[in-house]
Each structure stands twice: as structure tokens, then as C-alpha cells.
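Colleague: Contents of structure_3.cif (mmCIF, N, CA and C atoms) are given next:
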```cif
data_model
#
loop_
_atom_site.label_atom_id
_atom_site.label_comp_id
_atom_site.auth_asym_id
_atom_site.auth_seq_id
_atom_site.Cartn_x
_atom_site.Cartn_y
_atom_site.Cartn_z
N ARG A 1 77.58 108.61 139.60
CA ARG A 1 77.90 110.02 139.75
C ARG A 1 79.41 110.26 139.92
N PRO A 2 80.12 109.39 140.64
CA PRO A 2 81.57 109.62 140.76
C PRO A 2 82.29 109.60 139.41
N ALA A 3 81.91 108.70 138.53
CA ALA A 3 82.56 108.64 137.21
C ALA A 3 82.25 109.88 136.40
N ALA A 4 81.02 110.38 136.48
CA ALA A 4 80.64 111.60 135.76
C ALA A 4 81.41 112.79 136.35
N ALA A 5 81.55 112.83 137.66
CA ALA A 5 82.29 113.92 138.30
C ALA A 5 83.77 113.87 137.94
N ALA A 6 84.34 112.67 137.89
CA ALA A 6 85.75 112.53 137.51
C ALA A 6 85.97 112.99 136.08
N ALA A 7 85.03 112.67 135.19
CA ALA A 7 85.14 113.11 133.80
C ALA A 7 85.07 114.64 133.72
N ALA A 8 84.17 115.23 134.47
CA ALA A 8 84.03 116.69 134.46
C ALA A 8 85.29 117.36 134.99
N GLU A 9 85.89 116.81 136.04
CA GLU A 9 87.11 117.38 136.59
C GLU A 9 88.27 117.29 135.60
N ALA A 10 88.42 116.13 134.98
CA ALA A 10 89.50 115.95 134.00
C ALA A 10 89.29 116.86 132.80
N ALA A 11 88.04 117.00 132.37
CA ALA A 11 87.73 117.87 131.23
C ALA A 11 88.08 119.31 131.55
N ALA A 12 87.69 119.77 132.73
CA ALA A 12 87.97 121.15 133.14
C ALA A 12 89.47 121.42 133.21
N ALA A 13 90.24 120.39 133.55
CA ALA A 13 91.69 120.54 133.65
C ALA A 13 92.37 120.35 132.29
N GLY A 14 91.61 119.93 131.29
CA GLY A 14 92.21 119.66 129.98
C GLY A 14 93.05 118.40 129.97
N ASP A 15 92.79 117.49 130.91
CA ASP A 15 93.54 116.25 131.06
C ASP A 15 92.93 115.19 130.15
N LEU A 16 93.44 115.07 128.93
CA LEU A 16 92.87 114.17 127.94
C LEU A 16 92.93 112.71 128.39
N ALA A 17 94.06 112.28 128.91
CA ALA A 17 94.19 110.88 129.35
C ALA A 17 93.26 110.60 130.54
N GLY A 18 93.22 111.53 131.49
CA GLY A 18 92.32 111.37 132.63
C GLY A 18 90.86 111.36 132.21
N TYR A 19 90.55 112.21 131.24
CA TYR A 19 89.19 112.25 130.73
C TYR A 19 88.84 110.93 130.05
N ALA A 20 89.75 110.42 129.25
CA ALA A 20 89.50 109.17 128.54
C ALA A 20 89.21 108.04 129.53
N ASP A 21 89.98 107.96 130.59
CA ASP A 21 89.76 106.92 131.61
C ASP A 21 88.39 107.10 132.28
N ALA A 22 88.09 108.33 132.67
CA ALA A 22 86.83 108.61 133.36
C ALA A 22 85.64 108.40 132.42
N ASP A 23 85.80 108.77 131.17
CA ASP A 23 84.74 108.60 130.18
C ASP A 23 84.42 107.12 129.99
N ARG A 24 85.45 106.29 129.85
CA ARG A 24 85.22 104.85 129.71
C ARG A 24 84.56 104.28 130.96
N ALA A 25 85.00 104.74 132.14
CA ALA A 25 84.40 104.27 133.39
C ALA A 25 82.92 104.64 133.47
N PHE A 26 82.60 105.87 133.07
CA PHE A 26 81.20 106.31 133.09
C PHE A 26 80.35 105.43 132.20
N HIS A 27 80.79 105.23 130.96
CA HIS A 27 80.00 104.42 130.03
C HIS A 27 79.92 102.96 130.50
N ARG A 28 81.01 102.44 131.03
CA ARG A 28 81.01 101.05 131.54
C ARG A 28 80.01 100.90 132.69
N GLU A 29 80.06 101.83 133.63
CA GLU A 29 79.17 101.74 134.79
C GLU A 29 77.71 101.92 134.38
N LEU A 30 77.46 102.80 133.44
CA LEU A 30 76.10 103.01 132.97
C LEU A 30 75.56 101.75 132.28
N LEU A 31 76.36 101.16 131.39
CA LEU A 31 75.93 99.95 130.71
C LEU A 31 75.79 98.77 131.67
N SER A 32 76.59 98.75 132.71
CA SER A 32 76.54 97.66 133.68
C SER A 32 75.19 97.58 134.39
N LEU A 33 74.49 98.69 134.45
CA LEU A 33 73.18 98.70 135.11
C LEU A 33 72.20 97.76 134.43
N GLY A 34 72.41 97.48 133.15
CA GLY A 34 71.54 96.57 132.42
C GLY A 34 71.79 95.10 132.72
N GLY A 35 72.92 94.79 133.35
CA GLY A 35 73.20 93.42 133.75
C GLY A 35 73.73 92.52 132.64
N ASN A 36 74.04 93.07 131.48
CA ASN A 36 74.54 92.27 130.37
C ASN A 36 76.05 92.48 130.26
N GLU A 37 76.81 91.59 130.89
CA GLU A 37 78.26 91.76 130.94
C GLU A 37 78.91 91.60 129.57
N GLN A 38 78.33 90.79 128.70
CA GLN A 38 78.89 90.65 127.36
C GLN A 38 78.77 91.98 126.61
N LEU A 39 77.63 92.63 126.72
CA LEU A 39 77.44 93.94 126.11
C LEU A 39 78.45 94.94 126.67
N VAL A 40 78.64 94.92 127.97
CA VAL A 40 79.59 95.84 128.61
C VAL A 40 80.99 95.60 128.06
N SER A 41 81.39 94.35 127.94
CA SER A 41 82.73 94.01 127.46
C SER A 41 82.94 94.46 126.02
N VAL A 42 81.98 94.18 125.16
CA VAL A 42 82.10 94.57 123.75
C VAL A 42 82.10 96.08 123.62
N ALA A 43 81.18 96.73 124.30
CA ALA A 43 81.09 98.19 124.23
C ALA A 43 82.35 98.85 124.76
N GLN A 44 82.91 98.29 125.82
CA GLN A 44 84.14 98.83 126.41
C GLN A 44 85.29 98.77 125.40
N GLU A 45 85.41 97.65 124.72
CA GLU A 45 86.48 97.52 123.73
C GLU A 45 86.27 98.47 122.56
N LEU A 46 85.05 98.57 122.07
CA LEU A 46 84.76 99.50 120.98
C LEU A 46 85.01 100.94 121.40
N HIS A 47 84.61 101.27 122.60
CA HIS A 47 84.82 102.63 123.11
C HIS A 47 86.31 102.94 123.21
N ARG A 48 87.07 102.00 123.72
CA ARG A 48 88.52 102.19 123.84
C ARG A 48 89.14 102.43 122.47
N ARG A 49 88.75 101.63 121.50
CA ARG A 49 89.32 101.76 120.15
C ARG A 49 88.93 103.07 119.47
N SER A 50 87.73 103.52 119.69
CA SER A 50 87.25 104.72 119.00
C SER A 50 87.65 106.01 119.71
N GLN A 51 88.11 105.91 120.93
CA GLN A 51 88.38 107.09 121.72
C GLN A 51 89.65 107.82 121.30
N TRP A 52 90.62 107.10 120.86
CA TRP A 52 91.89 107.73 120.50
C TRP A 52 91.92 108.01 119.01
N PRO A 53 92.14 109.24 118.63
CA PRO A 53 92.13 109.58 117.20
C PRO A 53 93.33 108.99 116.47
N LEU A 54 93.17 108.89 115.18
CA LEU A 54 94.28 108.42 114.34
C LEU A 54 95.42 109.41 114.37
N PRO A 55 96.65 108.96 114.10
CA PRO A 55 97.77 109.90 114.05
C PRO A 55 97.49 111.01 113.05
N GLY A 56 97.77 112.22 113.46
CA GLY A 56 97.55 113.37 112.60
C GLY A 56 96.18 114.01 112.77
N ALA A 57 95.26 113.30 113.45
CA ALA A 57 93.92 113.88 113.68
C ALA A 57 94.03 114.93 114.79
N PRO A 58 93.20 115.96 114.74
CA PRO A 58 93.28 116.99 115.77
C PRO A 58 92.88 116.43 117.14
N ARG A 59 93.56 116.91 118.17
CA ARG A 59 93.24 116.50 119.54
C ARG A 59 91.97 117.20 120.00
N ALA A 60 91.25 116.55 120.89
CA ALA A 60 90.04 117.16 121.45
C ALA A 60 90.43 118.40 122.23
N ARG A 61 89.65 119.45 122.05
CA ARG A 61 89.90 120.68 122.80
C ARG A 61 89.18 120.60 124.14
N ARG A 62 89.66 121.37 125.10
CA ARG A 62 89.09 121.38 126.43
C ARG A 62 87.58 121.65 126.39
N ALA A 63 87.16 122.58 125.55
CA ALA A 63 85.73 122.91 125.46
C ALA A 63 84.91 121.69 125.02
N GLU A 64 85.48 120.89 124.11
CA GLU A 64 84.77 119.67 123.66
C GLU A 64 84.67 118.66 124.80
N LEU A 65 85.73 118.53 125.58
CA LEU A 65 85.70 117.60 126.72
C LEU A 65 84.69 118.06 127.76
N VAL A 66 84.68 119.36 128.03
CA VAL A 66 83.74 119.91 129.02
C VAL A 66 82.30 119.68 128.54
N ARG A 67 82.04 119.90 127.26
CA ARG A 67 80.69 119.69 126.71
C ARG A 67 80.30 118.22 126.83
N ASP A 68 81.21 117.33 126.49
CA ASP A 68 80.94 115.90 126.57
C ASP A 68 80.64 115.49 128.02
N ALA A 69 81.43 115.99 128.96
CA ALA A 69 81.22 115.68 130.37
C ALA A 69 79.88 116.21 130.85
N ALA A 70 79.49 117.39 130.38
CA ALA A 70 78.18 117.95 130.76
C ALA A 70 77.05 117.08 130.22
N GLU A 71 77.25 116.49 129.04
CA GLU A 71 76.25 115.57 128.49
C GLU A 71 76.10 114.35 129.39
N HIS A 72 77.19 113.87 129.95
CA HIS A 72 77.11 112.73 130.88
C HIS A 72 76.25 113.08 132.08
N THR A 73 76.50 114.24 132.65
CA THR A 73 75.75 114.66 133.83
C THR A 73 74.27 114.81 133.50
N ALA A 74 73.95 115.43 132.38
CA ALA A 74 72.55 115.60 131.98
C ALA A 74 71.89 114.25 131.75
N LEU A 75 72.61 113.33 131.11
CA LEU A 75 72.08 111.99 130.85
C LEU A 75 71.80 111.28 132.17
N LEU A 76 72.73 111.35 133.08
CA LEU A 76 72.57 110.69 134.37
C LEU A 76 71.36 111.24 135.11
N GLU A 77 71.20 112.54 135.11
CA GLU A 77 70.05 113.16 135.80
C GLU A 77 68.73 112.75 135.14
N ALA A 78 68.71 112.66 133.81
CA ALA A 78 67.49 112.24 133.11
C ALA A 78 67.17 110.78 133.43
N LEU A 79 68.19 109.94 133.53
CA LEU A 79 67.96 108.54 133.89
C LEU A 79 67.41 108.42 135.31
N ILE A 80 67.99 109.16 136.22
CA ILE A 80 67.53 109.13 137.61
C ILE A 80 66.08 109.60 137.71
N ALA A 81 65.73 110.61 136.91
CA ALA A 81 64.37 111.13 136.91
C ALA A 81 63.40 110.22 136.17
N GLY A 82 63.93 109.23 135.43
CA GLY A 82 63.07 108.34 134.66
C GLY A 82 62.47 109.00 133.43
N ASP A 83 63.13 110.05 132.95
CA ASP A 83 62.63 110.79 131.78
C ASP A 83 63.23 110.17 130.52
N LEU A 84 62.62 109.09 130.05
CA LEU A 84 63.17 108.35 128.91
C LEU A 84 63.16 109.14 127.60
N PRO A 85 62.15 109.97 127.32
CA PRO A 85 62.24 110.79 126.11
C PRO A 85 63.45 111.72 126.14
N LEU A 86 63.75 112.29 127.31
CA LEU A 86 64.93 113.16 127.43
C LEU A 86 66.21 112.34 127.30
N VAL A 87 66.23 111.14 127.85
CA VAL A 87 67.40 110.26 127.71
C VAL A 87 67.69 110.04 126.23
N GLU A 88 66.65 109.69 125.47
CA GLU A 88 66.84 109.47 124.04
C GLU A 88 67.31 110.74 123.33
N GLN A 89 66.72 111.86 123.70
CA GLN A 89 67.10 113.15 123.10
C GLN A 89 68.57 113.47 123.38
N LEU A 90 69.06 113.12 124.55
CA LEU A 90 70.45 113.39 124.92
C LEU A 90 71.42 112.39 124.29
N LEU A 91 71.00 111.15 124.16
CA LEU A 91 71.89 110.12 123.63
C LEU A 91 72.20 110.29 122.16
N ARG A 92 71.23 110.67 121.39
CA ARG A 92 71.44 110.76 119.94
C ARG A 92 72.63 111.67 119.58
N PRO A 93 72.64 112.90 120.02
CA PRO A 93 73.81 113.73 119.63
C PRO A 93 75.10 113.29 120.34
N HIS A 94 74.98 112.71 121.53
CA HIS A 94 76.18 112.28 122.25
C HIS A 94 76.93 111.21 121.46
N PHE A 95 76.18 110.35 120.78
CA PHE A 95 76.80 109.30 119.98
C PHE A 95 76.84 109.65 118.49
N GLY A 96 76.52 110.90 118.18
CA GLY A 96 76.61 111.34 116.80
C GLY A 96 75.50 110.80 115.89
N VAL A 97 74.35 110.53 116.48
CA VAL A 97 73.21 110.01 115.71
C VAL A 97 72.12 111.08 115.72
N GLY A 98 71.70 111.49 114.55
CA GLY A 98 70.58 112.44 114.45
C GLY A 98 70.88 113.71 115.04
#
```
Here is the file; what I need is its structure written in the form of C-alpha cells.
Modeller:
Amino acid sequence: RPAAAAAAEAAAAGDLAGYADADRAFHRELLSLGGNEQLVSVAQELHRRSQWPLPGAPRARRAELVRDAAEHTALLEALIAGDLPLVEQLLRPHFGVG
């Protein structure tokens, strides 16, 4: 929850660098729950590489950061509730799948 809250605060402030750090922390902590440190390491590196746009690409707008942070909170609540169908429903658009 602290990582999700930090991401939401950075998003609301329009702090792209702060959001990027909090976003990576959220995903790292979430993946760590599975106990597979190799997966966490690989995913962390891929996330870091994909997070920063190429030169000339448009920067994320505050509304996009706020929406992404809200998805984290919804995902976390669905996981805590054990609602796996909702978790899957939330993950697909968050990662741009389906």
C-alpha cells in the first residue's frame, strides 16, 4: 500500500520522476510476493527500460499518471479481496493486453 500511495501522490503532483520510482517499487513489491527473485529482477529491468519514452516521444500527462496509479490501487484491493477474475480484468488493460 505505501508504494501505491507514493505513486498516487507523485501522479497527482505531476512528478514524472517520482512516479517512475514509485511505479517500479509498486511492481517490484507486488512481484516479490510470489517469491521468485529471478522473475523480480528480470521484470524490474524490463520495466525500467520500457518506462522512459524514446527521445521525441510525448511525455506522460498528469491524467495518465493518475489513471495508472488508480489502477494500482484497484489491483491491490482486488488482490487483497482474493478476487482473481477482477485481478485479471484489471491487469490486461494495465499492461496493454486485450
Colleague: From a DSSP calculation on the backbone, collect every residue of chain A in helix (DSSP H, G or I) and output the set as a PyMOL selection string.
Modeller: chain A and resi 2-13+16-32+37-51+62-81+84-94
Colleague: Set the distance at 7 Å and use only C-alpha atoms: which residues neighbour range 64-70 of chain A once local chain neighbours fewer than 4 positions away are removed? I'd like the list as a VMD selection string.
Modeller: chain A and resid 4 7 to 8 11 to 12 60 74
Colleague: Do you have the CA of Arg24 in chain A-atom N of Arg48 in chain A distance handy?
Modeller: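 Rounded to one decimal, the two atoms are 6.9 Å apart.
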Colleague: Could you state the separation of atom C of Gln38 in chain A and CA of Leu84 in chain A in Å, given to one decimal place?
Modeller: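 Spanning atom C of Gln38 in chain A to CA of Leu84 in chain A is a straight-line distance of 22.7 Å.
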Colleague: To one decimal in Å, tell me the separation between atom C of Val87 in chain A and CA of Leu30 in chain A.
Modeller: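 Straight-line distance from atom C of Val87 in chain A to CA of Leu30 in chain A works out to 12.9 Å.
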Colleague: Do a neighbour search on Ala22 in chain A at 8 Å with only N, CA and C atoms, toss out local chain neighbours closer than 6 positions, and write the hits as JSON, numbers by chain.
Modeller: {"A": [2, 3, 4, 5, 6, 7, 8, 10, 16, 28]}
Colleague: Between A:Leu90, A:Leu79, A:Glu45, A:Pro85, single out the one closest to Ala25 in chain A, counting only C-alpha atoms.
Modeller: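 That would be A:Glu45, the residue with the smallest distance to Ala25 in chain A.
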